[in-house]
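Asks: Quick one, start_1.tsv (TSV, C-alpha atoms):
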chain	number	residue	atom	x	y	z
A	1335	MET	CA	-1.23	0.86	-17.71
A	1336	GLU	CA	-4.92	1.62	-17.29
A	1337	LEU	CA	-5.84	4.04	-14.48
A	1338	ARG	CA	-9.42	3.75	-13.22
A	1339	ARG	CA	-11.61	4.13	-10.14
A	1340	LEU	CA	-11.63	1.18	-7.78
A	1341	THR	CA	-14.93	-0.36	-6.72
A	1342	LEU	CA	-15.99	-2.92	-4.15
A	1343	ASP	CA	-15.50	-5.54	-6.89
A	1344	ASP	CA	-11.76	-4.86	-6.52
A	1345	LEU	CA	-11.62	-5.70	-2.80
A	1346	THR	CA	-9.86	-9.04	-3.21
A	1347	ALA	CA	-7.34	-7.59	-5.65
A	1348	CYS	CA	-6.58	-4.71	-3.25
A	1349	SER	CA	-6.10	-7.10	-0.34
A	1350	ASP	CA	-3.91	-9.40	-2.45
A	1351	LEU	CA	-1.72	-6.45	-3.46
A	1352	ALA	CA	-1.44	-5.30	0.16
A	1353	GLU	CA	-0.47	-8.78	1.31
A	1354	SER	CA	2.15	-9.05	-1.44
A	1355	ARG	CA	3.85	-5.94	0.00
A	1356	SER	CA	3.73	-7.30	3.57
A	1357	TRP	CA	0.71	-5.21	4.58
A	1358	PRO	CA	-2.27	-6.81	6.38
A	1359	ARG	CA	-5.15	-7.83	4.11
A	1360	GLU	CA	-7.82	-5.92	6.08
A	1361	GLU	CA	-10.65	-6.25	3.57
A	1362	SER	CA	-13.07	-4.45	5.89
A	1363	LYS	CA	-10.76	-1.41	5.88
A	1364	TRP	CA	-10.56	-1.43	2.09
A	1365	ALA	CA	-14.36	-1.74	1.90
A	1366	PHE	CA	-14.80	1.22	4.24
A	1367	LEU	CA	-12.40	3.38	2.25
A	1368	LEU	CA	-13.83	2.47	-1.15
A	1369	THR	CA	-17.31	3.29	0.17
A	1370	HIS	CA	-16.46	6.68	1.66
A	1371	SER	CA	-13.47	7.77	-0.43
A	1372	GLU	CA	-12.10	7.70	-3.98
A	1373	GLY	CA	-9.94	4.68	-4.72
A	1374	TRP	CA	-7.78	4.65	-7.86
A	1375	GLY	CA	-5.99	1.67	-9.36
A	1376	LEU	CA	-3.40	1.04	-12.03
A	1377	PHE	CA	-3.96	-2.18	-13.99
A	1378	ASP	CA	-1.66	-4.09	-16.32
A	1379	ASP	CA	-2.06	-7.44	-18.06
A	1380	GLN	CA	-1.43	-9.22	-14.75
A	1381	GLY	CA	-4.11	-7.32	-12.84
A	1382	LEU	CA	-3.96	-4.64	-10.17
A	1383	ALA	CA	-0.51	-3.05	-10.16
A	1384	GLY	CA	-0.97	-0.03	-7.90
A	1385	THR	CA	-3.44	1.82	-5.70
A	1386	THR	CA	-4.12	5.06	-3.93
A	1387	VAL	CA	-7.10	6.39	-1.99
A	1388	VAL	CA	-8.12	10.00	-1.40
A	1389	THR	CA	-10.71	11.06	1.18
A	1390	ARG	CA	-11.95	14.56	0.42
A	1391	TYR	CA	-13.21	16.73	3.26
A	1392	PRO	CA	-14.39	20.34	2.95
A	1393	GLU	CA	-11.14	21.49	4.57
A	1394	LEU	CA	-8.52	19.18	3.01
A	1395	ALA	CA	-7.84	15.89	1.23
A	1396	SER	CA	-6.27	12.88	2.95
A	1397	ILE	CA	-4.24	10.54	0.71
A	1398	SER	CA	-3.47	6.96	1.63
A	1399	MET	CA	-3.02	3.33	0.55
A	1400	VAL	CA	-0.26	4.15	-1.93
A	1401	LEU	CA	0.87	0.70	-3.02
A	1402	VAL	CA	2.73	-0.52	-6.12
A	1403	ALA	CA	3.25	-4.18	-7.00
A	1404	GLU	CA	6.82	-5.42	-6.77
A	1405	ARG	CA	6.83	-6.18	-10.52
A	1406	CYS	CA	6.18	-2.49	-11.20
A	1407	ALA	CA	8.35	-0.93	-8.51
A	1408	ARG	CA	10.69	1.99	-9.23
A	1409	GLN	CA	8.98	2.87	-12.51
A	1410	GLY	CA	7.22	6.09	-11.43
A	1411	HIS	CA	3.81	4.54	-10.83
A	1412	GLY	CA	3.58	5.76	-7.23
A	1413	ARG	CA	4.20	9.31	-8.43
A	1414	ARG	CA	1.54	8.92	-11.12
A	1415	LEU	CA	-1.04	7.66	-8.62
A	1416	VAL	CA	-0.46	10.39	-6.05
A	1417	SER	CA	-0.24	13.14	-8.67
A	1418	HIS	CA	-3.58	12.03	-10.07
A	1419	VAL	CA	-5.44	12.84	-6.83
A	1420	LEU	CA	-3.62	16.08	-5.95
A	1421	ASP	CA	-5.29	19.43	-6.49
A	1422	THR	CA	-4.59	23.03	-5.48
A	1423	GLY	CA	-6.03	22.60	-1.98
A	1424	VAL	CA	-4.47	21.33	1.22
A	1425	SER	CA	-3.53	17.64	1.24
A	1426	THR	CA	-2.18	15.40	3.98
A	1427	LEU	CA	-0.77	11.89	4.22
A	1428	PHE	CA	1.37	9.63	6.38
A	1429	ALA	CA	4.68	8.53	4.87
A	1430	THR	CA	7.09	5.72	5.56
A	1431	GLU	CA	10.79	6.52	5.41
A	1432	MET	CA	10.89	4.90	1.98
A	1433	GLY	CA	8.00	6.95	0.59
A	1434	ARG	CA	8.93	10.29	2.11
A	1435	PRO	CA	11.39	11.46	-0.61
A	1436	LEU	CA	8.69	11.08	-3.30
A	1437	TYR	CA	6.17	13.07	-1.30
A	1438	GLU	CA	8.70	15.81	-0.61
A	1439	GLN	CA	9.29	16.09	-4.37
A	1440	LEU	CA	5.52	16.53	-4.77
A	1441	GLY	CA	5.46	19.43	-2.30
A	1442	PHE	CA	4.69	17.74	1.02
A	1443	ARG	CA	6.53	18.59	4.22
A	1444	ALA	CA	6.70	16.67	7.49
A	1445	VAL	CA	4.88	18.25	10.43
A	1446	GLY	CA	4.82	15.36	12.92
A	1447	PHE	CA	4.87	11.59	13.26
A	1448	THR	CA	3.01	8.63	14.66
A	1449	ASP	CA	4.46	5.46	16.15
A	1450	ILE	CA	2.39	2.44	15.15
A	1451	HIS	CA	1.80	0.00	18.01
A	1452	ALA	CA	0.08	-3.38	18.01
A	1453	GLY	CA	-0.35	-6.30	20.37
A	1454	VAL	CA	-2.58	-7.62	23.13
A	1455	PHE	CA	-3.14	-4.85	25.67
A	1456	THR	CA	-2.45	-6.27	29.13
A	1457	GLY	CA	-3.53	-3.38	31.32
A	1458	PRO	CA	-6.83	-2.98	33.19
A	1459	VAL	CA	-9.75	-0.81	32.14
A	1460	SER	CA	-9.83	2.66	33.63
A	1461	ASN	CA	-13.63	2.81	34.03
A	1462	THR	CA	-13.56	6.53	33.25
A	1463	SER	CA	-15.58	6.35	30.03
A	1464	HIS	CA	-18.94	5.13	28.79
A	1465	LEU	CA	-20.30	3.96	25.46
A	1466	ALA	CA	-21.65	6.70	23.22
A	1467	VAL	CA	-24.99	6.36	21.45
A	1468	SER	CA	-26.52	7.85	18.32
A	1469	ALA	CA	-27.88	10.81	20.31
A	1470	ASP	CA	-24.25	11.86	20.90
A	1471	LEU	CA	-23.48	12.20	17.17
A	1472	ASP	CA	-23.64	16.00	16.97
A	1473	GLU	CA	-21.34	16.34	20.00
A	1474	LEU	CA	-18.85	13.87	18.50
A	1475	VAL	CA	-18.74	15.60	15.12
A	1476	ALA	CA	-18.33	19.05	16.72
A	1477	LEU	CA	-15.51	17.91	19.02
A	1478	ASP	CA	-13.74	16.13	16.17
A	1479	ALA	CA	-13.97	19.21	13.94
A	1480	LYS	CA	-12.57	21.45	16.69
A	1481	VAL	CA	-9.60	19.18	17.37
A	1482	THR	CA	-8.76	17.99	13.85
A	1483	GLY	CA	-10.06	20.91	11.81
A	1484	ILE	CA	-11.92	18.39	9.63
A	1485	THR	CA	-15.69	18.00	9.21
A	1486	ARG	CA	-16.46	14.28	8.85
A	1487	PRO	CA	-19.83	13.17	10.21
A	1488	PHE	CA	-19.69	9.94	8.16
A	1489	LEU	CA	-16.78	8.81	10.32
A	1490	TRP	CA	-18.68	9.00	13.60
A	1491	GLU	CA	-21.88	7.64	12.07
A	1492	SER	CA	-19.88	4.64	10.87
A	1493	LEU	CA	-18.09	4.11	14.19
A	1494	LEU	CA	-21.37	4.18	16.10
A	1495	ALA	CA	-22.87	1.67	13.65
A	1496	MET	CA	-20.02	-0.82	13.11
A	1497	GLY	CA	-17.73	-0.37	16.11
A	1498	SER	CA	-17.85	1.39	19.43
A	1499	VAL	CA	-17.28	4.93	20.65
A	1500	ARG	CA	-16.34	5.75	24.22
A	1501	LEU	CA	-16.88	9.15	25.81
A	1502	SER	CA	-15.32	10.49	28.99
A	1503	ALA	CA	-15.40	13.86	30.69
A	1504	ASN	CA	-12.09	14.63	29.00
A	1505	GLY	CA	-12.25	13.06	25.55
A	1506	VAL	CA	-13.48	10.42	23.14
A	1507	THR	CA	-12.16	7.42	21.26
A	1508	GLY	CA	-13.51	5.01	18.69
A	1509	SER	CA	-12.62	1.43	17.80
A	1510	TRP	CA	-13.57	-1.15	15.17
A	1511	ARG	CA	-12.27	-4.45	13.85
A	1512	VAL	CA	-10.43	-4.11	10.55
A	1513	ALA	CA	-9.66	-7.85	10.56
A	1514	ASP	CA	-10.90	-10.85	12.53
A	1515	ASP	CA	-7.91	-10.63	14.87
A	1516	LEU	CA	-7.19	-6.90	14.97
A	1517	LEU	CA	-9.05	-4.09	16.73
A	1518	LEU	CA	-8.16	-0.64	15.43
A	1519	ILE	CA	-8.34	2.06	18.11
A	1520	GLY	CA	-8.84	5.69	17.13
A	1521	PRO	CA	-9.36	8.48	16.81
A	1522	VAL	CA	-8.25	9.33	20.32
A	1523	ILE	CA	-9.14	12.89	21.33
A	1524	ALA	CA	-8.25	13.84	24.88
A	1525	ASP	CA	-7.38	16.85	26.98
A	1526	SER	CA	-4.13	15.29	28.24
A	1527	PRO	CA	-1.89	12.27	27.60
A	1528	ALA	CA	-3.21	10.67	30.81
A	1529	ASP	CA	-6.78	11.04	29.57
A	1530	ALA	CA	-5.72	9.49	26.26
A	1531	CYS	CA	-4.18	6.51	28.07
A	1532	ALA	CA	-7.40	5.94	30.01
A	1533	LEU	CA	-9.50	5.96	26.84
A	1534	ILE	CA	-7.12	3.55	25.09
A	1535	ALA	CA	-7.28	1.22	28.09
A	1536	ASP	CA	-11.08	1.20	28.11
A	1537	SER	CA	-11.16	0.38	24.38
A	1538	ALA	CA	-8.35	-2.21	24.32
A	1539	ALA	CA	-8.60	-4.15	27.58
A	1540	GLY	CA	-9.95	-7.65	27.04
A	1541	ASN	CA	-10.38	-7.21	23.29
A	1542	GLY	CA	-7.45	-9.25	21.93
A	1543	ARG	CA	-4.95	-7.86	19.44
A	1544	ALA	CA	-5.25	-4.13	18.91
A	1545	ARG	CA	-3.49	-1.37	17.02
A	1546	VAL	CA	-3.16	2.28	17.95
A	1547	ASP	CA	-0.95	4.92	16.30
A	1548	VAL	CA	0.34	7.37	18.91
A	1549	HIS	CA	3.04	10.03	19.21
A	1550	ASP	CA	3.06	11.59	22.69
A	1551	PRO	CA	5.94	10.10	24.74
A	1552	GLU	CA	3.69	9.44	27.74
A	1553	VAL	CA	1.16	7.55	25.63
A	1554	VAL	CA	3.91	5.64	23.80
A	1555	ALA	CA	5.40	4.54	27.13
A	1556	PHE	CA	1.95	3.53	28.41
A	1557	VAL	CA	1.03	1.23	25.53
A	1558	ARG	CA	4.50	-0.31	25.47
A	1559	ALA	CA	4.29	-1.01	29.20
A	1560	HIS	CA	1.05	-2.89	28.61
A	1561	GLY	CA	1.93	-5.41	25.91
A	1562	MET	CA	1.97	-3.40	22.68
A	1563	GLU	CA	5.03	-3.24	20.43
A	1564	SER	CA	6.16	-0.65	17.90
A	1565	TRP	CA	5.75	-1.47	14.21
A	1566	GLY	CA	7.68	1.66	13.23
A	1567	GLU	CA	7.07	5.35	12.68
A	1568	SER	CA	5.28	7.26	9.92
A	1569	ALA	CA	5.75	10.94	9.19
A	1570	SER	CA	2.64	13.14	9.11
A	1571	MET	CA	2.97	15.36	6.04
A	1572	VAL	CA	1.04	18.30	4.61
A	1573	ARG	CA	0.99	20.10	1.25
A	1574	ASN	CA	-0.11	23.69	0.54
A	1575	ALA	CA	-0.20	24.58	4.26
A	1576	ASP	CA	2.29	25.21	7.05
A	1577	GLN	CA	0.54	22.95	9.54
A	1578	LEU	CA	-2.49	20.71	9.83
A	1579	PRO	CA	-5.64	22.49	11.05
A	1580	GLY	CA	-7.29	22.20	14.44
A	1581	ASP	CA	-6.13	21.81	18.03
A	1582	ARG	CA	-3.72	18.99	17.26
A	1583	ALA	CA	-2.27	18.90	20.79
A	1584	ARG	CA	-5.47	17.06	21.78
A	1585	TYR	CA	-5.36	14.62	18.84
A	1586	HIS	CA	-3.50	11.63	20.28
A	1587	ALA	CA	-4.23	9.01	17.59
A	1588	PRO	CA	-5.98	8.91	14.19
A	1589	ILE	CA	-8.68	6.35	13.40
A	1590	LEU	CA	-6.77	5.34	10.32
A	1591	GLN	CA	-3.72	6.96	8.85
A	1592	ALA	CA	-5.89	6.84	5.72
A	1593	LEU	CA	-8.41	9.32	7.15
A	1594	GLY	CA	-6.17	12.05	8.55
I need this file expressed as structure tokens, please.
Replies:
Amino acid sequence: MELRRLTLDDLTACSDLAESRSWPREESKWAFLLTHSEGWGLFDDQGLAGTTVVTRYPELASISMVLVAERCARQGHGRRLVSHVLDTGVSTLFATEMGRPLYEQLGFRAVGFTDIHAGVFTGPVSNTSHLAVSADLDELVALDAKVTGITRPFLWESLLAMGSVRLSANGVTGSWRVADDLLLIGPVIADSPADACALIADSAAGNGRARVDVHDPEVVAFVRAHGMESWGESASMVRNADQLPGDRARYHAPILQALG
């Protein structure tokens, strides 16, 4: 097996591997991650056999996109990929029930969960938010850092450029299309679950199929009552820390599980 950095030339191979493991193709998501993060791939004589991505912030590293081809499953390649991007600092990731035992062996512990929801949102807009503009960038970055404990201006610059960001008196959310038929909603930062529901409504209403990963019972009930169905839960895990940083009570949904 050859282990090397992934580039944008590997987009199709990454999407093919994802599809082979029943993940969406989402080439725009792969392109975003390979542009702003480190992607690593294992290659054999049949091509791409495994992937992982690490996004390094000043405060921590977020690990994601851990995939191994079926032909190479249960041979320790997932452990090799994740171990390659670990260091002595704080790391975080989201784990399926299947992947969680491996991550626990590598020193991660569960500190929360998200419930992935997708579907066509059937509720009305709340009309409590407005579109943000580039002049709001500093405010967005500062609020995000306070709530998540992570400094990531590139995230908000990208959302303002390629998607949309909505601001209200009580929070902010972003959204962008990761596939032709899927709008990804997040992050959702809000003072209360009700404020989070209003921001999700303003982003999702009238925009076709959408996905949002939420955990608060009130928000879960809201999206389910308005046409979105659960795809299953993922555990939020952290290594070399007791908890994730920031004011996480106000962090109602990530932009991508890949980005913390």
Asks: Calculate how many Å separate atom CA of A:Thr1369 from atom CA of A:Val1388, rounding to one decimal.
Replies: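 Straight-line distance from atom CA of A:Thr1369 to atom CA of A:Val1388 works out to 11.5 Å.
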Asks: Give the answer as one residue: which of A:Ser1349, A:Ala1407, A:Ala1569, A:Arg1414 has the shortest atom-to-atom distance to A:Glu1336, using all atoms listed in the file?
Replies: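 Looking at the shortest contact to A:Glu1336, the residue is A:Arg1414.
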Asks: Looking at only C-alpha atoms, which of A:Arg1573, A:His1560, A:His1464, A:Lys1363 is the one that sits closest to A:Arg1443?
Replies: A:Arg1573
Asks: Which residue gives the smallest distance to A:Gly1423 among A:Glu1404, A:Asp1449, A:Glu1393, A:Asp1547, with all atoms listed in the file counted?
Replies: A:Glu1393
Asks: Can you work out which one of A:Ala1524, A:Ala1535, A:Leu1477, A:Val1553 has the shortest atom-to-atom distance to A:Ser1460, counting all atoms listed in the file?
Replies: A:Ala1535
Asks: I need the residue nearest A:Gly1561 from this list: A:Gly1433, A:Pro1588, A:Gly1373, A:Pro1458. Use all atoms listed in the file for the distance.
Replies: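 Nearest candidate to A:Gly1561 out of A:Gly1433, A:Pro1588, A:Gly1373, A:Pro1458: A:Pro1458.
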Asks: Just checking: using all atoms listed in the file, which residue out of A:Cys1348, A:Leu1394, A:Ala1476, A:Leu1337 ends up closest to A:His1418?
Replies: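 Closest to A:His1418 of all the choices is A:Leu1337.
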Asks: Fewer than 5 positions away in the same chain doesn't count, so skip those; otherwise give me all residues within 8 Å of A:Ser1425, counting all atoms listed in the file, as a list in words.
Replies: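 Within the cut-off, the hits are Leu1394, Ala1395, Ser1396, Ile1397, Leu1420, Val1572, Arg1573 and Asn1574 of chain A.
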Asks: One decimal, Å: what's the distance from atom CA of A:Gly1497 over to atom CA of A:Ala1555, could you say?
Replies: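 Calculated distance between atom CA of A:Gly1497 and atom CA of A:Ala1555 is 26.1 Å.
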Asks: What's the 12 Å shell around A:Ser1468, counting only C-alpha atoms, without same-chain residues fewer than 4 positions away, as a PDB file with C-alpha atoms, in the frame of the given file?
Replies:
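Output file out.pdb is given in full below:
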ATOM      1  CA  ASP A1472     -23.640  16.000  16.970  1.00  0.00           C
ATOM      2  CA  GLU A1473     -21.340  16.340  20.000  1.00  0.00           C
ATOM      3  CA  LEU A1474     -18.850  13.870  18.500  1.00  0.00           C
ATOM      4  CA  VAL A1475     -18.740  15.600  15.120  1.00  0.00           C
ATOM      5  CA  PRO A1487     -19.830  13.170  10.210  1.00  0.00           C
ATOM      6  CA  TRP A1490     -18.680   9.000  13.600  1.00  0.00           C
ATOM      7  CA  GLU A1491     -21.880   7.640  12.070  1.00  0.00           C
ATOM      8  CA  SER A1492     -19.880   4.640  10.870  1.00  0.00           C
ATOM      9  CA  LEU A1493     -18.090   4.110  14.190  1.00  0.00           C
ATOM     10  CA  LEU A1494     -21.370   4.180  16.100  1.00  0.00           C
ATOM     11  CA  ALA A1495     -22.870   1.670  13.650  1.00  0.00           C
ATOM     12  CA  SER A1498     -17.850   1.390  19.430  1.00  0.00           C
ATOM     13  CA  VAL A1499     -17.280   4.930  20.650  1.00  0.00           C
ATOM     14  CA  ARG A1500     -16.340   5.750  24.220  1.00  0.00           C
TER      15      ARG A1500
END
Asks: Compile the contact shell of A:Asp1536 as a PyMOL selection string: residues with an atom at most 8 Å away, counting only C-alpha atoms, same-chain residues fewer than 2 positions apart removed.
Replies: chain A and resi 1458-1463+1500+1532-1534+1538-1539
Asks: Generate a file of the selected residues that holds C-alpha atoms, formatted as a compact mmCIF listing (two decimals), keeping the file's coordinate frame.
Replies:
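Below you can see part.txt, which holds the result:
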# COMPACT_ATOMS: atom_id res chain seq x y z
CA PRO A 1458 -6.83 -2.98 33.19
CA VAL A 1459 -9.75 -0.81 32.14
CA SER A 1460 -9.83 2.66 33.63
CA ASN A 1461 -13.63 2.81 34.03
CA THR A 1462 -13.56 6.53 33.25
CA SER A 1463 -15.58 6.35 30.03
CA ARG A 1500 -16.34 5.75 24.22
CA ALA A 1532 -7.40 5.94 30.01
CA LEU A 1533 -9.50 5.96 26.84
CA ILE A 1534 -7.12 3.55 25.09
CA ALA A 1538 -8.35 -2.21 24.32
CA ALA A 1539 -8.60 -4.15 27.58
Asks: Could you pull stretch 1441-1488 of chain A out of the block above and save it with C-alpha atoms, as a PDB file, in the first residue's frame?
Replies:
ATOM      1  CA  GLY A1441      -7.601   7.301  22.714  1.00  0.00           C
ATOM      2  CA  PHE A1442     -10.830   9.038  21.718  1.00  0.00           C
ATOM      3  CA  ARG A1443     -13.812   9.297  24.049  1.00  0.00           C
ATOM      4  CA  ALA A1444     -17.423  10.163  23.257  1.00  0.00           C
ATOM      5  CA  VAL A1445     -18.626  13.544  24.522  1.00  0.00           C
ATOM      6  CA  GLY A1446     -21.900  13.934  22.611  1.00  0.00           C
ATOM      7  CA  PHE A1447     -23.768  12.954  19.464  1.00  0.00           C
ATOM      8  CA  THR A1448     -25.534  14.291  16.420  1.00  0.00           C
ATOM      9  CA  ASP A1449     -28.601  12.885  14.698  1.00  0.00           C
ATOM     10  CA  ILE A1450     -28.293  13.236  10.929  1.00  0.00           C
ATOM     11  CA  HIS A1451     -31.522  14.375   9.252  1.00  0.00           C
ATOM     12  CA  ALA A1452     -32.330  14.815   5.578  1.00  0.00           C
ATOM     13  CA  GLY A1453     -35.382  15.442   3.439  1.00  0.00           C
ATOM     14  CA  VAL A1454     -37.489  18.223   1.979  1.00  0.00           C
ATOM     15  CA  PHE A1455     -38.296  20.720   4.725  1.00  0.00           C
ATOM     16  CA  THR A1456     -42.041  21.387   4.648  1.00  0.00           C
ATOM     17  CA  GLY A1457     -42.320  24.181   7.188  1.00  0.00           C
ATOM     18  CA  PRO A1458     -42.598  27.922   6.519  1.00  0.00           C
ATOM     19  CA  VAL A1459     -39.816  30.471   6.830  1.00  0.00           C
ATOM     20  CA  SER A1460     -39.603  32.269  10.147  1.00  0.00           C
ATOM     21  CA  ASN A1461     -38.583  35.642   8.681  1.00  0.00           C
ATOM     22  CA  THR A1462     -36.412  36.304  11.732  1.00  0.00           C
ATOM     23  CA  SER A1463     -33.079  36.377   9.898  1.00  0.00           C
ATOM     24  CA  HIS A1464     -31.390  38.208   7.040  1.00  0.00           C
ATOM     25  CA  LEU A1465     -28.596  37.387   4.628  1.00  0.00           C
ATOM     26  CA  ALA A1466     -25.109  38.230   5.841  1.00  0.00           C
ATOM     27  CA  VAL A1467     -22.609  40.050   3.626  1.00  0.00           C
ATOM     28  CA  SER A1468     -18.831  40.250   3.479  1.00  0.00           C
ATOM     29  CA  ALA A1469     -18.821  43.192   5.904  1.00  0.00           C
ATOM     30  CA  ASP A1470     -20.126  40.777   8.566  1.00  0.00           C
ATOM     31  CA  LEU A1471     -17.103  38.452   8.300  1.00  0.00           C
ATOM     32  CA  ASP A1472     -15.307  39.604  11.460  1.00  0.00           C
ATOM     33  CA  GLU A1473     -18.506  39.256  13.504  1.00  0.00           C
ATOM     34  CA  LEU A1474     -19.118  35.760  12.127  1.00  0.00           C
ATOM     35  CA  VAL A1475     -15.590  34.556  12.850  1.00  0.00           C
ATOM     36  CA  ALA A1476     -15.650  35.991  16.386  1.00  0.00           C
ATOM     37  CA  LEU A1477     -19.031  34.431  17.223  1.00  0.00           C
ATOM     38  CA  ASP A1478     -17.970  31.077  15.790  1.00  0.00           C
ATOM     39  CA  ALA A1479     -14.738  31.100  17.796  1.00  0.00           C
ATOM     40  CA  LYS A1480     -16.601  31.914  21.015  1.00  0.00           C
ATOM     41  CA  VAL A1481     -19.132  29.119  20.552  1.00  0.00           C
ATOM     42  CA  THR A1482     -16.944  26.383  19.050  1.00  0.00           C
ATOM     43  CA  GLY A1483     -13.570  27.341  20.492  1.00  0.00           C
ATOM     44  CA  ILE A1484     -12.138  27.093  16.961  1.00  0.00           C
ATOM     45  CA  THR A1485     -10.659  29.897  14.848  1.00  0.00           C
ATOM     46  CA  ARG A1486     -11.629  29.267  11.206  1.00  0.00           C
ATOM     47  CA  PRO A1487     -12.083  32.381   9.077  1.00  0.00           C
ATOM     48  CA  PHE A1488     -11.738  30.339   5.862  1.00  0.00           C
TER      49      PHE A1488
END
